[in-house]
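Accompanying notes for the structure given below.
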Amino acid sequence: MLMKNLQITAYGATNFVGRSAFTISDKDRTVMLDCGIELVPKKLSIAPKGVDAIAKNVDAFLLSHAHIDHSGYVPKLAQKGYRGKFYMTHPTKDIVFRLWLDHLKIEGERHWTEDDLDKTFNRIVTKKYHEKFKIADGITAEFINAGHILGAAQILIDWDGQLILYSGDINDRQTPFFDGFEYPEEEVDILITESTNGDRYVPERKKIDVGFRLLSKQVAESGNKMLLPSFAVGRSQELLTTLAFDDDIDDVPIYTDGMINMMNTLTEAYLTKDWVSDRFLKELKSRKMNSPFDKENIIPINRAQSPHQFRRQIAKSKEGAIIVTTSGMLEGGPIHTYLDFCAGNENNTLGFTGYQVEGTIGRELYDGAEEITIFNDRRFNHPKKIKVKCKIMKFPYSGHSSAEGLAKYVKKINAKKVILVHGVEKNQLYLRNLIKEYSHPITLEENKPEVFKM
Ligand SMILES: [Zn+2]
Ligand SMILES: [Zn+2]
């Protein structure tokens with residue numbers, strides 16, 4: 001067989017999380033996987049390094065999932081001369097479009113323009129899981145469920161018979177909508193895997209859910225507020241489903257606020273066997289529900305005539321309530337209004353439901369700050385210091401595989417080469433140790449192609 005060199009290059013997300021963008025290429029063809037930006041708390045986002053220069057050489061682009069650290073720079077490809085299609089799953093197309101519009105609102109056209117977004121959107125081609133499709137001469141691709149968020153996929157590439165698997169973001173745990181990620185059936189030659197939780201044990205969802213449901217109910221039933229800042233995409237829908245599937249939480253109001261409501265509506269379109277687990281659909285059916293968000297006590301706030309006024313009313317009222325709202329790391333959004341009125345009362349509770357990045361207001365509180373600065377508008381124009389006296393609860397939910405889940409994934413796939421990406425160095429070191437007898441993973445350097453002789 002003719003020896004051939006395959007090159008894999010990273011433009012970000014090497015030994016850190018953010019701006020995931022990778023290419024696989026040989027002398028004739030280049031395929032790009034993801035093209036995200038790096039979000040930096042209180043600063044402007046960072047573009048992946050070196051993508052502009054190679055965009056015109058790319059033959060096919062595939063997106064693993066909608067999260068902005070994987071998708072935020074995609075429209076730039078159209079601007080910089082990429083002429084091909086943008087492949088992704090159906091739900092990813094729906095979600096990523098909203099996230100791109102949101103990005104335009106927050107950062108304007110500093111990375112790419114509305115026109116670039118139009119060009120990109122018109123060239124999106126959607127695929128189901130397990131559908132093999134040709135993306136270039138001699139190269140086919142397939143999306144495999146990643147168990148991470150709605151529509152999220154691992155990407156399996158068949159390159160002249162050599163198989164390369166890119167994990168995207170994967171979760172091994174059962175969540176309300178999925179039963180963890182799926183394994184490819186084929187033997188994989190090169191595995192490129194995320195390593196976010198490489199050193200972290202994540203408890204099983206069912207165990208976290210017990211405390212989460214009980215406490216939410218207790219706080220609300222005692223006439224107080226349970227504030228649940230949550231990521232709009234994924235985590236919010238999971239939390240609401242967990243609450244909706246608990247018959248004991250039928251009589252306390254659950255308010256949903258911010259971008260969550262739009263994401264709930266969007267999610268409802270994909271509650272079919274193509275996109276969510278049979279287990280979830282059975283549970284829904286047994287409860288005679290069409291959607292977990294339909295429950296009478298789940299009340300979306302965007303329909304109110306004056307949402308800000310409505311929020312104040314809810315926050316100030318004596319009624320006990322659960323409030324699920326953006327933003328998940330408390331960097332902005334309606335959570336600030338609720339904090340303004342609720343955080344000073346020691347009977348209320350703020351429950352963390354996701355990872356808090358260093359430098360965010362959420363992280364300050366998570367680490368024990370007693371005073372924080374909030375902003376009652378998105379442009380950070382009106383800072384206000386508030387004292388935090390409410391109780392703080394930490395629910396260790398994660399959208400990523402537990403360390404031992406990642407190790408099992410690497411061992412079971414048993415690829416000839418393993419590349420660790422999307423995780424900080426200390427986590428990658430720990431994971432390396434867990435898999436040392438199976439493989440010697442490679443870490444990439446930005447813009448420095450790693451060559452594989454095939
Ligand atoms: Zn993700
Ligand atoms: Zn990610």
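Chain labels run A, B, ... following the order of the structure tokens; each chain numbers its residues from 1, and ligands are numbered from 1 in the order shown.
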Give me, as a tab-separated table, each residue of chain A that comes within 7 Å of ligand 1, together with its shortest interatomic pair and the distance in Å at one decimal, counting only C-alpha atoms and all ligand atoms, with rows ordered by chain and rising residue number.
```
residue	atom	partner	partner_atom_place_in_ligand_line	distance
A:His65	CA	ligand 1	1 (Zn)	6.7
A:His67	CA	ligand 1	1 (Zn)	5.0
A:His148	CA	ligand 1	1 (Zn)	6.7
A:Asp169	CA	ligand 1	1 (Zn)	5.1
```
(request) Can you tell me which residues come within 12 Å of ligand 2 when counting only C-alpha atoms and all ligand atoms, ideally as a PyMOL selection string? (result) chain A and resi 12-14+16-21+34-39+63-72+146+148-149+152-153+167-171+193-197+398-401+421-423
(message) Taking 5 positions as the minimum chain separation for residues in the same chain, which residues sit within 8 Å of Lys80 in chain A when counting only C-alpha atoms? Answer as number ranges by chain.
(response) A: 52-53, 55-56
Please save all heavy atoms of the selected residues as a PDB file, in the first residue's frame.
```
ATOM      1  N   ASP A  52      -8.079  32.146   9.110  1.00  0.00           N
ATOM      2  CA  ASP A  52      -8.326  33.066   7.983  1.00  0.00           C
ATOM      3  C   ASP A  52      -7.490  32.684   6.760  1.00  0.00           C
ATOM      4  O   ASP A  52      -7.970  32.690   5.631  1.00  0.00           O
ATOM      5  CB  ASP A  52      -7.966  34.511   8.370  1.00  0.00           C
ATOM      6  CG  ASP A  52      -8.899  35.063   9.442  1.00  0.00           C
ATOM      7  OD1 ASP A  52      -9.648  34.244  10.042  1.00  0.00           O
ATOM      8  OD2 ASP A  52      -8.863  36.277   9.686  1.00  0.00           O
ATOM      9  N   ALA A  53      -6.220  32.345   7.030  1.00  0.00           N
ATOM     10  CA  ALA A  53      -5.281  32.094   5.942  1.00  0.00           C
ATOM     11  C   ALA A  53      -5.572  30.801   5.182  1.00  0.00           C
ATOM     12  O   ALA A  53      -5.235  30.688   4.003  1.00  0.00           O
ATOM     13  CB  ALA A  53      -3.857  32.057   6.500  1.00  0.00           C
ATOM     14  N   ALA A  55      -8.726  29.230   5.038  1.00  0.00           N
ATOM     15  CA  ALA A  55     -10.162  29.021   4.739  1.00  0.00           C
ATOM     16  C   ALA A  55     -10.402  28.649   3.275  1.00  0.00           C
ATOM     17  O   ALA A  55     -11.208  27.765   2.974  1.00  0.00           O
ATOM     18  CB  ALA A  55     -10.960  30.265   5.108  1.00  0.00           C
ATOM     19  N   LYS A  56      -9.673  29.294   2.380  1.00  0.00           N
ATOM     20  CA  LYS A  56      -9.929  29.052   0.954  1.00  0.00           C
ATOM     21  C   LYS A  56      -9.422  27.680   0.479  1.00  0.00           C
ATOM     22  O   LYS A  56      -9.810  27.196  -0.583  1.00  0.00           O
ATOM     23  CB  LYS A  56      -9.363  30.185   0.085  1.00  0.00           C
ATOM     24  CG  LYS A  56      -7.873  30.368   0.205  1.00  0.00           C
ATOM     25  CD  LYS A  56      -7.419  31.500  -0.720  1.00  0.00           C
ATOM     26  CE  LYS A  56      -5.902  31.673  -0.673  1.00  0.00           C
ATOM     27  NZ  LYS A  56      -5.336  31.763   0.695  1.00  0.00           N
TER      28      LYS A  56
END
```
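For the choices A:Val31, A:Tyr201, A:Pro48, A:Gly180, the atom-to-atom distance to Ile139 in chain A is smallest for A:Val31 when using only C-alpha atoms.
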If DSSP is run on the backbone, what residues of range 305-412 of chain A are helix (DSSP H, G or I)? A reply as an mmCIF file with C-alpha atoms, in the first residue's frame would be ideal.
```
data_model
loop_
_atom_site.group_PDB
_atom_site.id
_atom_site.type_symbol
_atom_site.label_atom_id
_atom_site.label_comp_id
_atom_site.auth_asym_id
_atom_site.auth_seq_id
_atom_site.Cartn_x
_atom_site.Cartn_y
_atom_site.Cartn_z
ATOM 1 C CA PRO A 307 -40.608 41.409 31.367
ATOM 2 C CA HIS A 308 -38.509 43.633 33.619
ATOM 3 C CA GLN A 309 -41.554 44.751 35.601
ATOM 4 C CA PHE A 310 -42.775 41.162 35.790
ATOM 5 C CA ARG A 311 -39.412 39.963 37.088
ATOM 6 C CA ARG A 312 -39.432 42.572 39.845
ATOM 7 C CA GLN A 313 -42.930 41.517 40.791
ATOM 8 C CA ILE A 314 -42.001 37.845 41.023
ATOM 9 C CA ALA A 315 -38.787 38.554 42.888
ATOM 10 C CA LYS A 316 -40.489 40.840 45.416
ATOM 11 C CA ILE A 335 -30.515 36.613 36.780
ATOM 12 C CA HIS A 336 -29.144 40.027 37.773
ATOM 13 C CA THR A 337 -32.645 41.420 38.353
ATOM 14 C CA TYR A 338 -33.556 38.403 40.479
ATOM 15 C CA LEU A 339 -30.310 38.664 42.441
ATOM 16 C CA ASP A 340 -30.974 42.354 43.040
ATOM 17 C CA PHE A 341 -34.203 41.520 44.898
ATOM 18 C CA CYS A 342 -33.542 38.025 46.249
ATOM 19 C CA ILE A 361 -19.398 36.608 38.662
ATOM 20 C CA GLY A 362 -20.697 33.071 39.074
ATOM 21 C CA ARG A 363 -17.219 31.865 40.022
ATOM 22 C CA GLU A 364 -16.807 34.687 42.582
ATOM 23 C CA LEU A 365 -20.002 33.603 44.308
ATOM 24 C CA TYR A 366 -19.149 29.928 43.965
ATOM 25 C CA ALA A 403 -12.711 11.124 33.903
ATOM 26 C CA GLU A 404 -13.251 7.364 34.090
ATOM 27 C CA GLY A 405 -15.854 7.649 31.294
ATOM 28 C CA LEU A 406 -13.227 9.302 29.081
ATOM 29 C CA ALA A 407 -10.687 6.612 29.955
ATOM 30 C CA LYS A 408 -13.190 3.882 29.081
ATOM 31 C CA TYR A 409 -13.947 5.632 25.781
ATOM 32 C CA VAL A 410 -10.263 5.759 24.818
ATOM 33 C CA LYS A 411 -9.663 2.119 25.817
ATOM 34 C CA LYS A 412 -12.734 0.732 24.106
#
```
(message) Which residues are near Phe178 in chain A? Cut-off 10 Å, only C-alpha atoms, ignore same chain within fewer than 6 positions. Put them as a PyMOL selection string.
(response) chain A and resi 145-150+171-172+275-280
(request) Go ahead and compute the interatomic distance for CA of Asn261 in chain A and CA of Lys384 in chain A, in Å to one decimal. (result) 27.0 Å
